[in-house]
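Novice: One structure coming up, written as structure tokens, with questions to follow.
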Amino acid sequence: MTSEDELHIYFNTRDELLDVPLHEVVYFEAEGNWTLIYFANGIQSQVLASLSAIEILIGESIKRQTNQPHLQFIRIGRRYIINTDKIHHIDLQKHTLELTDFRFEFTYELSISKEALRKLKDTYKPVKQ
């Protein structure tokens, strides 16, 4: 069985190969025909692929490499796919989503619609004690 630390997607072009370890991705952002990839350590990459194509690649990679998905990526609107393991703070009043993994100094703050943030927030239920 493959651990989540080994899940990768690859972008192979005529001149380049980009290895994307999914556990290190904080989020993907659509930028026209390109997708920007933001990693926990602050590195950014850019690939010529739509966000929809990225979404499919992530799903296929998780299905192919594991019996049960451990990583959770959610599409938020037309612009973002986020790694839910990196969610730190949802602020409905400011319409912001803060993402980090606490290993590095990088924190990403995304401007998201209040409706999308409310849906995301509602997926988390308080733990009963």
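Residue names in the structure tokens use chain letters A, B, ... in the order shown, residue numbers from 1 in each chain, and ligand numbers from 1 in the order shown.
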Do you know which residues are at most 6 Å from range 82-92 of chain A counting only C-alpha atoms, after dropping those on the same chain fewer than 4 positions away, and could you put them as JSON, numbers by chain?
Specialist: {"A": [26, 27, 72, 73, 74, 96, 97, 98, 99, 100, 101, 114]}
Novice: Residues within 12 Å of His8 in chain A, please, as a list of chain:residue names. Count only C-alpha atoms; anything in the same chain fewer than 6 positions from it doesn't count.
Specialist: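 Once the adjacent positions are removed, what remains is A:Thr2, A:Leu18, A:Asp19, A:Val20, A:Pro21, A:Leu22, A:His23, A:Glu24, A:Val25, A:Ile54, A:Leu57, A:Ile58, A:Gly59, A:Glu60, A:Ser61, A:Ile62, A:Lys63, A:Arg64, A:Gln65, A:Thr66, A:Leu71.
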Novice: Report as a ChimeraX atom specification: the residues of chain A with a DSSP assignment of strand (DSSP E), based on the backbone of this structure.
Specialist: /A:8-12,17-21,25-31,34-39,44-47,73-76,80-83,87-91,96-99,108-111
Novice: Go ahead and write the residues just picked, C-alpha atoms, as a short mmCIF file (atom, residue, chain, number, x, y, z; two decimals), in the first residue's frame.
Specialist:
```
data_model
loop_
_atom_site.label_atom_id
_atom_site.label_comp_id
_atom_site.auth_asym_id
_atom_site.auth_seq_id
_atom_site.Cartn_x
_atom_site.Cartn_y
_atom_site.Cartn_z
CA HIS A 8 2.49 12.42 -7.05
CA ILE A 9 1.21 13.81 -10.31
CA TYR A 10 3.58 14.39 -13.19
CA PHE A 11 3.61 16.93 -16.00
CA ASN A 12 5.81 15.72 -18.85
CA LEU A 17 9.25 16.98 -16.34
CA LEU A 18 7.58 18.40 -13.24
CA ASP A 19 7.03 16.09 -10.28
CA VAL A 20 4.27 17.34 -7.96
CA PRO A 21 4.12 15.58 -4.58
CA VAL A 25 0.61 21.15 -2.38
CA VAL A 26 -1.29 23.84 -0.50
CA TYR A 27 -3.48 24.85 -3.44
CA PHE A 28 -3.84 25.12 -7.20
CA GLU A 29 -4.99 28.38 -8.82
CA ALA A 30 -6.39 28.87 -12.32
CA GLU A 31 -4.65 31.52 -14.40
CA TRP A 34 -2.31 27.78 -16.98
CA THR A 35 -2.51 26.51 -13.42
CA LEU A 36 -0.29 27.85 -10.67
CA ILE A 37 0.77 25.36 -7.99
CA TYR A 38 1.62 26.63 -4.51
CA PHE A 39 3.66 24.38 -2.23
CA GLN A 44 5.50 28.00 -6.92
CA SER A 45 5.23 26.20 -10.24
CA GLN A 46 3.17 26.80 -13.34
CA VAL A 47 1.80 24.19 -15.75
CA PHE A 73 -8.63 18.22 -2.38
CA ILE A 74 -11.73 20.36 -2.89
CA ARG A 75 -12.55 22.62 -5.79
CA ILE A 76 -13.66 26.06 -4.66
CA TYR A 80 -9.02 27.19 -6.74
CA ILE A 81 -8.46 23.60 -5.71
CA ILE A 82 -7.31 23.47 -2.09
CA ASN A 83 -5.72 20.80 0.06
CA ILE A 87 -6.85 24.77 6.15
CA HIS A 88 -6.00 26.91 9.16
CA HIS A 89 -8.65 29.65 9.33
CA ILE A 90 -11.94 30.42 7.60
CA ASP A 91 -13.17 33.98 8.10
CA THR A 96 -10.75 34.84 3.48
CA LEU A 97 -9.35 31.35 3.73
CA GLU A 98 -5.96 30.90 5.37
CA LEU A 99 -3.89 27.85 4.43
CA TYR A 108 -1.46 31.69 2.12
CA GLU A 109 -4.56 33.88 2.37
CA LEU A 110 -7.13 33.48 -0.39
CA SER A 111 -10.07 35.75 -1.08
#
```
Novice: Mind listing the alpha helix (DSSP H) residues of range 23-103 of chain A, per DSSP on the backbone, as a count of residues only?
Specialist: 15
Novice: Quick check, in Å to one decimal: how far apart do CA of Ser113 in chain A and CA of Ala49 in chain A lie?
Specialist: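 Interatomic distance here is 24.1 Å.
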